[in-house]
>>> print(open('run.txt').read())   # compact mmCIF, C-alpha atoms and all ligand atoms
# COMPACT_ATOMS: atom_id res chain seq x y z
CA MET A 1 36.06 -41.84 -8.10
CA ALA A 2 38.68 -39.17 -7.52
CA SER A 3 37.60 -35.89 -9.04
CA LYS A 4 39.84 -34.38 -11.63
CA SER A 5 41.08 -30.90 -10.90
CA LYS A 6 38.84 -29.40 -13.54
CA LYS A 7 38.07 -25.70 -13.56
CA ALA A 8 34.50 -25.01 -12.46
CA GLN A 9 32.20 -24.39 -15.41
CA PHE A 10 29.77 -22.50 -13.26
CA ASP A 11 29.74 -20.26 -10.22
CA ALA A 12 26.31 -20.09 -8.60
CA VAL A 13 27.51 -17.72 -5.90
CA LYS A 14 28.76 -15.27 -8.49
CA THR A 15 25.48 -15.47 -10.36
CA LEU A 16 23.62 -14.55 -7.20
CA GLU A 17 26.01 -11.68 -6.46
CA GLU A 18 25.62 -10.37 -9.99
CA VAL A 19 21.84 -10.53 -9.86
CA GLU A 20 21.69 -8.86 -6.46
CA SER A 21 24.09 -6.10 -7.48
CA LYS A 22 21.67 -5.06 -10.25
CA PHE A 23 18.99 -4.06 -7.76
CA GLU A 24 20.16 -0.56 -7.00
CA MET A 25 17.66 1.83 -5.48
CA LEU A 26 15.97 4.26 -7.85
CA GLN A 27 15.98 7.81 -6.51
CA ILE A 28 15.02 10.94 -8.42
CA LEU A 29 14.60 13.49 -5.65
CA ASN A 30 17.14 13.52 -2.84
CA GLU A 31 16.50 14.53 0.77
CA GLU A 32 17.18 18.18 -0.11
CA GLY A 33 14.49 18.14 -2.77
CA GLU A 34 17.03 18.23 -5.62
CA VAL A 35 16.62 16.20 -8.79
CA VAL A 36 19.56 13.79 -8.85
CA ASN A 37 18.43 11.62 -11.74
CA GLU A 38 17.16 13.79 -14.57
CA ASP A 39 16.97 10.80 -16.96
CA ALA A 40 14.42 9.05 -14.80
CA MET A 41 12.25 12.15 -14.30
CA PRO A 42 8.65 11.20 -15.14
CA GLU A 43 6.44 13.27 -17.39
CA ILE A 44 4.16 15.09 -15.00
CA SER A 45 2.52 18.51 -15.25
CA ASP A 46 2.94 21.31 -12.69
CA GLU A 47 -0.74 20.92 -11.75
CA ASP A 48 -0.25 17.23 -11.09
CA LEU A 49 2.84 17.90 -9.00
CA GLN A 50 0.77 20.26 -6.85
CA GLU A 51 -2.09 17.78 -6.65
CA LEU A 52 0.31 15.04 -5.51
CA MET A 53 1.61 17.31 -2.75
CA ARG A 54 -1.92 18.26 -1.78
CA ARG A 55 -2.85 14.59 -1.40
CA MET A 56 0.24 13.79 0.68
CA VAL A 57 -0.36 16.71 3.04
CA TYR A 58 -4.04 15.80 3.34
CA THR A 59 -3.13 12.18 4.09
CA ARG A 60 -0.66 13.21 6.81
CA ILE A 61 -3.44 15.22 8.48
CA LEU A 62 -5.85 12.32 8.10
CA ASP A 63 -3.30 10.12 9.86
CA GLN A 64 -2.87 12.57 12.74
CA ARG A 65 -6.62 12.99 13.16
CA SER A 66 -7.26 9.25 12.92
CA ILE A 67 -4.74 8.61 15.70
CA SER A 68 -6.42 11.12 17.99
CA LEU A 69 -9.93 9.91 17.11
CA ASN A 70 -8.75 6.40 17.96
CA ARG A 71 -7.42 7.61 21.31
CA GLN A 72 -10.77 9.25 22.02
CA GLY A 73 -12.45 5.91 21.34
CA ARG A 74 -14.17 7.28 18.24
CA LEU A 75 -12.34 4.95 15.81
CA GLY A 76 -11.51 1.27 16.09
CA PHE A 77 -8.75 -0.52 14.17
CA TYR A 78 -6.18 1.89 12.79
CA ALA A 79 -2.73 1.33 11.25
CA PRO A 80 -0.74 4.61 11.07
CA THR A 81 0.55 5.78 7.70
CA ALA A 82 2.88 8.75 8.40
CA GLY A 83 6.22 8.25 6.66
CA GLN A 84 4.69 6.11 3.93
CA GLU A 85 2.96 8.88 1.93
CA ALA A 86 5.31 8.71 -1.06
CA SER A 87 4.95 4.93 -1.18
CA GLN A 88 1.19 5.05 -0.94
CA ILE A 89 0.03 8.26 -2.56
CA ALA A 90 2.60 8.61 -5.35
CA SER A 91 2.10 4.98 -6.44
CA HIS A 92 -1.66 5.49 -6.46
CA PHE A 93 -1.21 8.76 -8.38
CA ALA A 94 0.14 6.77 -11.36
CA LEU A 95 -3.12 4.80 -11.64
CA GLU A 96 -6.38 5.37 -13.45
CA LYS A 97 -9.95 5.23 -12.20
CA GLU A 98 -10.64 1.92 -14.01
CA ASP A 99 -7.75 0.18 -12.21
CA TRP A 100 -8.51 -2.10 -9.26
CA ILE A 101 -6.86 -1.71 -5.88
CA LEU A 102 -6.41 -4.55 -3.42
CA PRO A 103 -5.09 -2.89 -0.26
CA GLY A 104 -3.62 -4.18 2.96
CA TYR A 105 -4.83 -2.84 6.30
CA ARG A 106 -2.39 0.11 6.17
CA ASP A 107 -3.49 1.15 2.68
CA VAL A 108 -6.70 2.98 3.45
CA PRO A 109 -5.41 6.30 1.95
CA GLN A 110 -5.03 4.77 -1.52
CA ILE A 111 -8.63 3.55 -1.57
CA ILE A 112 -9.85 6.92 -0.31
CA TRP A 113 -8.04 8.65 -3.17
CA HIS A 114 -9.53 6.04 -5.51
CA GLY A 115 -12.99 7.20 -4.46
CA LEU A 116 -13.96 5.49 -1.19
CA PRO A 117 -15.81 8.12 0.88
CA LEU A 118 -14.02 9.10 4.09
CA THR A 119 -17.10 8.14 6.10
CA LYS A 120 -16.83 4.59 4.83
CA ALA A 121 -13.14 4.48 5.76
CA PHE A 122 -14.12 5.45 9.31
CA LEU A 123 -16.89 2.85 9.35
CA PHE A 124 -14.39 0.20 8.21
CA SER A 125 -12.23 1.20 11.17
CA ARG A 126 -15.22 0.64 13.44
CA GLY A 127 -15.89 -2.79 11.94
CA HIS A 128 -19.18 -1.62 10.44
CA PHE A 129 -20.25 -3.56 7.34
CA VAL A 130 -21.10 -0.35 5.45
CA GLY A 131 -17.37 0.42 5.54
CA ASN A 132 -16.78 -2.66 3.41
CA GLN A 133 -19.22 -1.64 0.69
CA ALA A 134 -17.50 0.46 -1.95
CA PRO A 135 -19.82 2.58 -4.09
CA GLU A 136 -20.50 1.31 -7.62
CA GLY A 137 -17.63 2.30 -9.93
CA VAL A 138 -15.09 2.63 -7.12
CA ASN A 139 -12.80 -0.27 -7.97
CA VAL A 140 -11.43 -1.19 -4.57
CA LEU A 141 -11.58 -4.22 -2.33
CA SER A 142 -11.71 -3.98 1.46
CA PRO A 143 -8.34 -3.72 3.23
CA GLN A 144 -6.97 -7.23 3.69
CA ILE A 145 -6.06 -8.28 7.21
CA ILE A 146 -4.67 -11.72 6.29
CA ILE A 147 -1.05 -10.96 5.48
CA GLY A 148 -0.27 -11.55 1.79
CA ALA A 149 -3.69 -12.93 0.79
CA GLN A 150 -4.32 -9.96 -1.48
CA TYR A 151 -1.39 -11.01 -3.70
CA ILE A 152 -3.18 -14.12 -4.93
CA GLN A 153 -6.47 -12.27 -5.26
CA THR A 154 -4.68 -9.64 -7.36
CA ALA A 155 -3.37 -12.26 -9.77
CA GLY A 156 -6.99 -13.36 -10.20
CA VAL A 157 -8.41 -9.87 -10.62
CA ALA A 158 -5.66 -9.01 -13.12
CA LEU A 159 -6.33 -12.16 -15.12
CA GLY A 160 -10.04 -11.27 -15.12
CA LEU A 161 -9.23 -7.81 -16.51
CA LYS A 162 -7.09 -9.40 -19.20
CA LYS A 163 -9.78 -11.91 -20.21
CA ARG A 164 -12.31 -9.08 -20.49
CA GLY A 165 -9.91 -7.11 -22.70
CA LYS A 166 -9.82 -4.14 -20.28
CA LYS A 167 -7.02 -1.59 -20.47
CA ALA A 168 -6.69 -1.61 -16.70
CA VAL A 169 -4.45 -3.06 -14.02
CA ALA A 170 -4.91 -4.63 -10.60
CA VAL A 171 -2.63 -3.09 -7.98
CA THR A 172 -1.88 -4.52 -4.59
CA TYR A 173 0.16 -3.62 -1.55
CA THR A 174 1.78 -5.63 1.17
CA GLY A 175 4.70 -5.10 3.54
CA ASP A 176 8.19 -6.54 3.99
CA GLY A 177 6.64 -9.12 6.32
CA GLY A 178 4.03 -9.98 3.72
CA SER A 179 6.79 -10.85 1.25
CA SER A 180 7.63 -13.92 3.38
CA GLN A 181 4.20 -15.45 2.88
CA GLY A 182 3.56 -18.27 0.42
CA ASP A 183 0.74 -16.19 -1.05
CA PHE A 184 3.28 -13.56 -2.11
CA TYR A 185 5.26 -16.03 -4.22
CA GLU A 186 2.18 -17.76 -5.59
CA GLY A 187 0.63 -14.45 -6.58
CA ILE A 188 3.61 -13.03 -8.46
CA ASN A 189 4.41 -16.39 -10.06
CA PHE A 190 0.90 -17.03 -11.33
CA ALA A 191 0.51 -13.46 -12.61
CA GLY A 192 3.87 -13.79 -14.37
CA ALA A 193 2.97 -17.11 -16.01
CA TYR A 194 -0.26 -15.65 -17.44
CA ALA A 195 1.11 -12.16 -18.17
CA ALA A 196 -1.67 -10.75 -16.02
CA PRO A 197 -1.78 -6.93 -15.80
CA ALA A 198 -0.85 -6.56 -12.14
CA ILE A 199 1.39 -4.31 -10.07
CA PHE A 200 2.64 -5.84 -6.85
CA VAL A 201 3.93 -3.26 -4.37
CA VAL A 202 5.90 -4.22 -1.28
CA GLN A 203 6.14 -1.31 1.12
CA ASN A 204 9.30 -2.24 2.93
CA ASN A 205 9.01 -0.17 6.11
CA GLN A 206 11.61 -2.54 7.56
CA PHE A 207 9.52 -4.03 10.31
CA ALA A 208 6.72 -6.57 10.50
CA ILE A 209 5.34 -5.36 13.80
CA SER A 210 8.63 -5.80 15.74
CA THR A 211 10.39 -8.27 13.40
CA PRO A 212 13.18 -6.57 11.44
CA ARG A 213 13.51 -6.93 7.70
CA ASP A 214 16.73 -9.00 7.91
CA LYS A 215 14.74 -11.80 9.55
CA GLN A 216 12.38 -12.01 6.54
CA THR A 217 14.82 -13.15 3.88
CA ALA A 218 18.48 -13.80 3.04
CA GLY A 219 17.89 -11.78 -0.13
CA LYS A 220 19.60 -8.41 -0.34
CA THR A 221 16.40 -6.90 -1.65
CA ILE A 222 12.76 -7.89 -1.89
CA ALA A 223 12.61 -6.52 -5.44
CA GLN A 224 14.90 -9.31 -6.64
CA LYS A 225 12.21 -11.90 -5.81
CA ALA A 226 10.70 -10.84 -9.14
CA VAL A 227 13.52 -12.62 -11.00
CA ALA A 228 12.34 -16.07 -9.91
CA ALA A 229 8.85 -15.27 -11.19
CA GLY A 230 10.29 -14.02 -14.49
CA ILE A 231 8.86 -10.53 -14.07
CA PRO A 232 10.49 -7.09 -13.77
CA GLY A 233 11.28 -5.95 -10.24
CA ILE A 234 12.54 -2.62 -9.04
CA LEU A 235 13.78 -1.21 -5.74
CA VAL A 236 12.64 2.37 -5.24
CA ASP A 237 13.34 5.05 -2.65
CA GLY A 238 9.98 4.87 -0.93
CA MET A 239 10.45 8.34 0.61
CA ASP A 240 10.78 9.89 -2.87
CA PRO A 241 7.40 10.63 -4.49
CA LEU A 242 8.88 11.13 -7.96
CA ALA A 243 10.74 7.80 -7.96
CA VAL A 244 7.67 5.91 -6.72
CA PHE A 245 5.46 7.64 -9.28
CA ALA A 246 7.89 6.95 -12.15
CA ALA A 247 8.29 3.26 -11.28
CA THR A 248 4.53 2.73 -10.93
CA ALA A 249 3.73 4.61 -14.15
CA GLU A 250 6.23 2.41 -16.02
CA ALA A 251 4.81 -0.76 -14.50
CA ARG A 252 1.28 0.30 -15.42
CA LYS A 253 2.29 1.05 -18.99
CA ARG A 254 3.89 -2.37 -19.38
CA ALA A 255 0.85 -4.07 -17.87
CA VAL A 256 -1.75 -2.42 -20.12
CA ASP A 257 0.52 -3.02 -23.14
CA GLY A 258 0.20 -6.76 -22.47
CA GLN A 259 3.68 -7.20 -21.00
CA GLY A 260 2.54 -8.61 -17.68
CA PRO A 261 3.08 -7.80 -14.03
CA SER A 262 5.81 -6.02 -12.09
CA LEU A 263 7.07 -6.02 -8.54
CA ILE A 264 7.96 -2.73 -6.85
CA GLU A 265 9.75 -2.56 -3.50
CA THR A 266 9.47 0.85 -1.86
CA LEU A 267 12.04 1.36 0.90
CA CYS A 268 10.31 3.43 3.55
CA TYR A 269 9.56 3.81 7.25
CA ARG A 270 6.48 4.12 9.41
CA TYR A 271 6.94 6.82 12.03
CA GLY A 272 4.16 5.58 14.29
CA PRO A 273 3.37 2.28 15.98
CA HIS A 274 2.34 -0.77 13.98
CA THR A 275 -1.31 -0.21 14.87
CA MET A 276 -3.15 1.67 17.60
CA ALA A 277 -3.76 -1.61 19.44
CA GLY A 278 -0.85 -0.98 21.75
CA ASP A 279 2.58 -1.96 20.41
CA ASP A 280 5.50 0.15 21.60
CA PRO A 281 8.04 0.87 18.83
CA THR A 282 10.68 2.00 21.34
CA ARG A 283 11.06 -1.69 22.25
CA TYR A 284 12.35 -2.56 18.77
CA ARG A 285 13.57 0.69 17.17
CA THR A 286 16.08 3.29 18.35
CA SER A 287 15.33 7.00 18.44
CA GLU A 288 18.40 7.49 16.16
CA MET A 289 16.72 5.33 13.56
CA ASP A 290 13.54 7.39 13.85
CA THR A 291 15.44 10.67 13.46
CA ASP A 292 17.47 9.40 10.48
CA TRP A 293 14.32 8.40 8.67
CA GLU A 294 12.43 11.58 9.53
CA LYS A 295 15.21 13.44 7.68
CA LYS A 296 14.16 11.56 4.55
CA ASP A 297 10.54 12.66 4.93
CA PRO A 298 8.64 12.63 1.62
CA LEU A 299 6.64 15.78 2.41
CA VAL A 300 9.73 17.77 3.38
CA ARG A 301 11.70 16.93 0.24
CA PHE A 302 8.70 17.39 -2.08
CA ARG A 303 7.86 20.72 -0.45
CA LYS A 304 11.44 21.93 -1.04
CA PHE A 305 11.30 20.76 -4.65
CA LEU A 306 7.98 22.49 -5.30
CA GLU A 307 8.89 25.71 -3.50
CA ALA A 308 12.03 26.02 -5.62
CA LYS A 309 9.79 25.81 -8.69
CA GLY A 310 7.39 28.39 -7.26
CA LEU A 311 4.63 25.76 -7.08
CA TRP A 312 4.01 25.60 -3.33
CA SER A 313 3.65 27.96 -0.39
CA GLU A 314 2.79 27.94 3.29
CA GLU A 315 -0.53 29.49 2.38
CA LYS A 316 -1.38 26.65 -0.01
CA GLU A 317 -0.38 24.10 2.59
CA ASN A 318 -2.54 25.72 5.27
CA GLU A 319 -5.53 25.65 2.93
CA VAL A 320 -5.06 21.91 2.44
CA ILE A 321 -4.73 21.34 6.18
CA GLU A 322 -7.91 23.28 6.92
CA SER A 323 -9.92 21.53 4.22
CA ALA A 324 -8.70 18.12 5.40
CA LYS A 325 -9.74 18.90 8.97
CA GLU A 326 -13.16 20.08 7.81
CA ASP A 327 -13.73 16.96 5.66
CA ILE A 328 -12.72 14.73 8.56
CA LYS A 329 -15.08 16.51 10.93
CA GLN A 330 -17.99 16.06 8.51
CA ALA A 331 -17.14 12.44 7.77
CA ILE A 332 -16.89 11.40 11.41
CA LYS A 333 -20.22 13.11 12.09
CA GLU A 334 -21.75 11.15 9.24
CA ALA A 335 -20.21 7.94 10.57
CA ASP A 336 -21.70 8.70 14.00
CA GLY A 337 -25.10 9.16 12.36
CA THR A 338 -24.98 5.80 10.54
CA PRO A 339 -27.44 3.32 12.09
CA LYS A 340 -25.75 0.79 14.33
CA GLN A 341 -25.21 -2.48 12.53
CA LYS A 342 -27.46 -5.36 13.43
CA VAL A 343 -26.36 -8.97 13.52
CA THR A 344 -28.74 -9.67 10.62
CA ASP A 345 -26.95 -7.00 8.53
CA PHE A 346 -23.71 -8.67 9.32
CA ILE A 347 -24.91 -12.13 8.30
CA ASN A 348 -26.64 -10.89 5.16
CA ASN A 349 -23.52 -9.08 4.07
CA MET A 350 -21.25 -12.13 4.08
CA PHE A 351 -22.49 -14.34 1.22
CA GLU A 352 -24.57 -13.93 -1.91
CA GLU A 353 -26.26 -17.26 -1.06
CA LEU A 354 -26.28 -18.05 2.66
CA PRO A 355 -25.22 -21.53 3.80
CA TYR A 356 -27.85 -23.42 5.82
CA ASN A 357 -26.29 -22.80 9.24
CA LEU A 358 -26.25 -19.04 8.67
CA LYS A 359 -29.83 -19.17 7.38
CA GLU A 360 -30.77 -20.69 10.73
CA GLN A 361 -28.86 -18.03 12.65
CA LEU A 362 -30.40 -15.31 10.51
CA GLU A 363 -33.88 -16.43 11.57
CA ILE A 364 -32.86 -16.46 15.23
CA TYR A 365 -31.49 -12.91 15.04
CA LYS A 366 -34.44 -11.62 13.01
CA GLU A 367 -36.65 -12.81 15.85
CA LYS A 368 -34.44 -11.18 18.52
CA GLU A 369 -34.14 -7.88 16.67
CA SER A 370 -37.89 -7.63 16.11
CA LYS A 371 -38.43 -7.32 19.87
C1 LIG B 401 -1.52 -14.65 7.80
C2 LIG B 401 -1.28 -13.70 8.94
N1 LIG B 401 -0.31 -13.95 9.83
C3 LIG B 401 -0.07 -13.10 10.85
C4 LIG B 401 -0.84 -11.97 11.01
C5 LIG B 401 -0.57 -11.00 12.15
N2 LIG B 401 0.07 -9.80 11.63
C6 LIG B 401 -0.64 -8.66 11.47
S1 LIG B 401 0.30 -7.40 10.86
C7 LIG B 401 1.68 -8.37 10.81
C8 LIG B 401 2.98 -7.80 10.33
C9 LIG B 401 3.03 -7.49 8.86
O1 LIG B 401 4.15 -6.72 8.54
P1 LIG B 401 4.43 -6.14 7.12
O2 LIG B 401 3.98 -7.10 6.07
O3 LIG B 401 5.84 -5.71 7.06
O4 LIG B 401 3.45 -4.88 7.01
P2 LIG B 401 3.44 -3.53 7.84
O5 LIG B 401 2.51 -3.75 9.01
O6 LIG B 401 4.82 -3.24 8.27
O7 LIG B 401 2.87 -2.49 6.95
C10 LIG B 401 1.39 -9.65 11.30
C11 LIG B 401 2.40 -10.72 11.41
C12 LIG B 401 -1.87 -11.75 10.06
N3 LIG B 401 -2.65 -10.68 10.11
N4 LIG B 401 -2.06 -12.62 9.03
MG MG B 402 6.60 -3.80 7.37
>>> encode(input="run.txt", output="structure tokens")
Amino acid sequence: MASKSKKAQFDAVKTLEEVESKFEMLQILNEEGEVVNEDAMPEISDEDLQELMRRMVYTRILDQRSISLNRQGRLGFYAPTAGQEASQIASHFALEKEDWILPGYRDVPQIIWHGLPLTKAFLFSRGHFVGNQAPEGVNVLSPQIIIGAQYIQTAGVALGLKKRGKKAVAVTYTGDGGSSQGDFYEGINFAGAYAAPAIFVVQNNQFAISTPRDKQTAGKTIAQKAVAAGIPGILVDGMDPLAVFAATAEARKRAVDGQGPSLIETLCYRYGPHTMAGDDPTRYRTSEMDTDWEKKDPLVRFRKFLEAKGLWSEEKENEVIESAKEDIKQAIKEADGTPKQKVTDFINNMFEELPYNLKEQLEIYKEKESK
């Protein structure tokens, strides 16, 4: 049948354009350390501002030391964090002790600031089972290596918190690459459907190893993926500690008030390689790109902001650097002194109730280790 020349009653392309245009990036502190969005300024005391800076400086030193310890063969798996301090530390700073963190492999700093001893972080890097045992009351899971898997686990943890009537949230992190996984969509969708108190953070550092962000999705932003799950999503300047803090604090408030989960995309950059296992970023990134992003550095802009308020000084910064170095020295010594793991430790640590085949292997290794 010939179609009548009727005016379209709908315009799906326009709908998409309208939705995408809403996802503007939230920035509070610009690259010069000036407040450019007074209305969005979070409530945060001078002491907390200083503490946030202290943690970011400490974490930058931890990253530098971890890289050199890895090169000396004294650490194993390590995924560098420099450039992502605002994304990681300022989001964590908006949380409370009773919240649960489900990190990815690059998110070791957040679980350290949540209470995981540095020694255990080093043991995790060495693949030692003690590194996967968080002390009682430290609500963290081990860093997830399977990309995106922590998103589904977070929906479950958040639902558990809700069923127990806890005023706490489950917070998880993945990367731009992780947002392409089925687990990502399943996690945010399920949490949305059950109004589970979760915060889903995507640290968009624009590369999944060497794969650029524009190969992950046709979407203009990753934040907009929240719309399909019926949950709030926000794109944040991931180099701006105040914007990341404000967005996370808001998301947490909504979650504990019973309003369900949120998705936060933090636009950031990792200065180093993907991991210390040998990738070469110069093969997939230009030095111009590196320099442009280093100008946005979260520590530089926060330092300027704090100095203008009389809240930071070179002296303060040096104290933090020295104390970080001292802590790291002690922790690596302690890690060195930890008894080598035995195969039986490894097996015993995997299940509460061992399956029959592992029970058999356990006996074999008990016998071997007794000699
Ligand atoms: C399910 C799964 N597929 C592939 C890998 C291999 N892998 C390790 S890291 C990575 C890239 C992830 O990139 P992104 O999510 O952007 O996080 P980033 O490393 O940039 O922080 C891939 C593909 C994996 N660990 N798990
Ligand atoms: Mg990435």
>>> closest_residue(input="run.txt", among="A:Leu123, A:Ala196, A:Val130, A:Ile188", to="Arg164 of chain A", atoms="all atoms listed in the file")
A:Ala196
>>> closest_atom_pairs(input="run.txt", of="segment 123-158 of chain A", to="segment 106-119 of chain A", cutoff="8 Å", atoms="only C-alpha atoms", output="Markdown table")
| residue | atom | partner | partner_atom | distance |
| --- | --- | --- | --- | --- |
| A:Leu123 | CA | A:Thr119 | CA | 6.2 |
| A:Gly131 | CA | A:Thr119 | CA | 7.7 |
| A:Ala134 | CA | A:Leu116 | CA | 6.2 |
| A:Pro135 | CA | A:Leu116 | CA | 7.2 |
| A:Val138 | CA | A:Gly115 | CA | 5.7 |
| A:Asn139 | CA | A:His114 | CA | 7.5 |
| A:Val140 | CA | A:Ile111 | CA | 6.3 |
| A:Pro143 | CA | A:Asp107 | CA | 6.9 |
>>> residues_around(input="run.txt", residues="Ala308 of chain A", least_positions_apart="3", cutoff="12 Å", atoms="only C-alpha atoms", output="VMD selection string")
chain A and resid 32 to 35 301 to 305 311 to 313
>>> closest_residue(input="run.txt", among="A:Thr248, A:Thr344, A:Gln84, A:Ser262", to="ligand MG 402 (chain B)", atoms="all atoms listed in the file")
A:Gln84
>>> residues_near_point(input="run.txt", point="(10.8, -7.9, -3.0)", cutoff="10 Å", atoms="all atoms listed in the file", output="PDB file with C-alpha atoms, keeping the file's coordinate frame")
ATOM      1  CA  GLY A 175       4.700  -5.100   3.540  1.00  0.00           C
ATOM      2  CA  ASP A 176       8.190  -6.540   3.990  1.00  0.00           C
ATOM      3  CA  GLY A 178       4.030  -9.980   3.720  1.00  0.00           C
ATOM      4  CA  SER A 179       6.790 -10.850   1.250  1.00  0.00           C
ATOM      5  CA  SER A 180       7.630 -13.920   3.380  1.00  0.00           C
ATOM      6  CA  PHE A 184       3.280 -13.560  -2.110  1.00  0.00           C
ATOM      7  CA  TYR A 185       5.260 -16.030  -4.220  1.00  0.00           C
ATOM      8  CA  PHE A 200       2.640  -5.840  -6.850  1.00  0.00           C
ATOM      9  CA  VAL A 201       3.930  -3.260  -4.370  1.00  0.00           C
ATOM     10  CA  VAL A 202       5.900  -4.220  -1.280  1.00  0.00           C
ATOM     11  CA  GLN A 203       6.140  -1.310   1.120  1.00  0.00           C
ATOM     12  CA  ASN A 204       9.300  -2.240   2.930  1.00  0.00           C
ATOM     13  CA  THR A 217      14.820 -13.150   3.880  1.00  0.00           C
ATOM     14  CA  GLY A 219      17.890 -11.780  -0.130  1.00  0.00           C
ATOM     15  CA  LYS A 220      19.600  -8.410  -0.340  1.00  0.00           C
ATOM     16  CA  THR A 221      16.400  -6.900  -1.650  1.00  0.00           C
ATOM     17  CA  ILE A 222      12.760  -7.890  -1.890  1.00  0.00           C
ATOM     18  CA  ALA A 223      12.610  -6.520  -5.440  1.00  0.00           C
ATOM     19  CA  GLN A 224      14.900  -9.310  -6.640  1.00  0.00           C
ATOM     20  CA  LYS A 225      12.210 -11.900  -5.810  1.00  0.00           C
ATOM     21  CA  ALA A 226      10.700 -10.840  -9.140  1.00  0.00           C
ATOM     22  CA  VAL A 227      13.520 -12.620 -11.000  1.00  0.00           C
ATOM     23  CA  GLY A 233      11.280  -5.950 -10.240  1.00  0.00           C
ATOM     24  CA  ILE A 234      12.540  -2.620  -9.040  1.00  0.00           C
ATOM     25  CA  LEU A 235      13.780  -1.210  -5.740  1.00  0.00           C
ATOM     26  CA  LEU A 263       7.070  -6.020  -8.540  1.00  0.00           C
ATOM     27  CA  ILE A 264       7.960  -2.730  -6.850  1.00  0.00           C
ATOM     28  CA  GLU A 265       9.750  -2.560  -3.500  1.00  0.00           C
ATOM     29  CA  THR A 266       9.470   0.850  -1.860  1.00  0.00           C
TER      30      THR A 266
END
>>> residues_near_ligand(input="run.txt", ligand="ligand MG 402 (chain B)", cutoff="9 Å", atoms="all atoms listed in the file", output="list in words")
Thr174, Gly175, Asp176, Gly177, Gly178, Val202, Gln203, Asn204, Asn205, Gln206, Phe207, Ala208, Ile209, Ser210, Thr211, Pro212, Arg213, Cys268, Tyr269, Arg270 and His274 of chain A
>>> write_last_selection(input="run.txt", atoms="C-alpha atoms", output="CSV table (one decimal), in the frame of the given file")
chain,number,residue,atom,x,y,z
A,174,THR,CA,1.8,-5.6,1.2
A,175,GLY,CA,4.7,-5.1,3.5
A,176,ASP,CA,8.2,-6.5,4.0
A,177,GLY,CA,6.6,-9.1,6.3
A,178,GLY,CA,4.0,-10.0,3.7
A,202,VAL,CA,5.9,-4.2,-1.3
A,203,GLN,CA,6.1,-1.3,1.1
A,204,ASN,CA,9.3,-2.2,2.9
A,205,ASN,CA,9.0,-0.2,6.1
A,206,GLN,CA,11.6,-2.5,7.6
A,207,PHE,CA,9.5,-4.0,10.3
A,208,ALA,CA,6.7,-6.6,10.5
A,209,ILE,CA,5.3,-5.4,13.8
A,210,SER,CA,8.6,-5.8,15.7
A,211,THR,CA,10.4,-8.3,13.4
A,212,PRO,CA,13.2,-6.6,11.4
A,213,ARG,CA,13.5,-6.9,7.7
A,268,CYS,CA,10.3,3.4,3.6
A,269,TYR,CA,9.6,3.8,7.2
A,270,ARG,CA,6.5,4.1,9.4
A,274,HIS,CA,2.3,-0.8,14.0
>>> axis_aligned_box(input="run.txt", around="ligand LIG 401 (chain B)", padding_each_side="6 Å", output="lines of an AutoDock Vina configuration file")
center_x = 1.6
center_y = -8.6
center_z = 9.1
size_x = 20.5
size_y = 24.2
size_z = 18.1
>>> atom_distance(input="run.txt", atom1="atom CA of Glu363 of chain A", atom2="atom CA of Leu141 of chain A")
29.0 Å
>>> closest_residue(input="run.txt", among="A:Val320, A:Met350, A:Leu26, A:Val169", to="Ala198 of chain A", atoms="all atoms listed in the file")
A:Val169
>>> atom_distance(input="run.txt", atom1="atom CA of Ser287 of chain A", atom2="atom CA of Tyr271 of chain A")
10.6 Å
>>> atom_distance(input="run.txt", atom1="atom CA of Met289 of chain A", atom2="atom CA of Glu17 of chain A")
27.9 Å
>>> closest_residue(input="run.txt", among="A:Glu18, A:Asp63, A:Asp297, A:Asp183", to="ligand LIG 401 (chain B)", atoms="all atoms listed in the file")
A:Asp183
>>> residues_near_point(input="run.txt", point="(-7.4, -5.0, -10.8)", cutoff="9 Å", atoms="all atoms listed in the file", output="NGL selection string")
:A and (98-102 or 139-140 or 154-161 or 168-172 or 197-199)
>>> write_last_selection(input="run.txt", atoms="C-alpha atoms", output="PDB file, in the frame of the given file")
ATOM      1  CA  GLU A  98     -10.640   1.920 -14.010  1.00  0.00           C
ATOM      2  CA  ASP A  99      -7.750   0.180 -12.210  1.00  0.00           C
ATOM      3  CA  TRP A 100      -8.510  -2.100  -9.260  1.00  0.00           C
ATOM      4  CA  ILE A 101      -6.860  -1.710  -5.880  1.00  0.00           C
ATOM      5  CA  LEU A 102      -6.410  -4.550  -3.420  1.00  0.00           C
ATOM      6  CA  ASN A 139     -12.800  -0.270  -7.970  1.00  0.00           C
ATOM      7  CA  VAL A 140     -11.430  -1.190  -4.570  1.00  0.00           C
ATOM      8  CA  THR A 154      -4.680  -9.640  -7.360  1.00  0.00           C
ATOM      9  CA  ALA A 155      -3.370 -12.260  -9.770  1.00  0.00           C
ATOM     10  CA  GLY A 156      -6.990 -13.360 -10.200  1.00  0.00           C
ATOM     11  CA  VAL A 157      -8.410  -9.870 -10.620  1.00  0.00           C
ATOM     12  CA  ALA A 158      -5.660  -9.010 -13.120  1.00  0.00           C
ATOM     13  CA  LEU A 159      -6.330 -12.160 -15.120  1.00  0.00           C
ATOM     14  CA  GLY A 160     -10.040 -11.270 -15.120  1.00  0.00           C
ATOM     15  CA  LEU A 161      -9.230  -7.810 -16.510  1.00  0.00           C
ATOM     16  CA  ALA A 168      -6.690  -1.610 -16.700  1.00  0.00           C
ATOM     17  CA  VAL A 169      -4.450  -3.060 -14.020  1.00  0.00           C
ATOM     18  CA  ALA A 170      -4.910  -4.630 -10.600  1.00  0.00           C
ATOM     19  CA  VAL A 171      -2.630  -3.090  -7.980  1.00  0.00           C
ATOM     20  CA  THR A 172      -1.880  -4.520  -4.590  1.00  0.00           C
ATOM     21  CA  PRO A 197      -1.780  -6.930 -15.800  1.00  0.00           C
ATOM     22  CA  ALA A 198      -0.850  -6.560 -12.140  1.00  0.00           C
ATOM     23  CA  ILE A 199       1.390  -4.310 -10.070  1.00  0.00           C
TER      24      ILE A 199
END
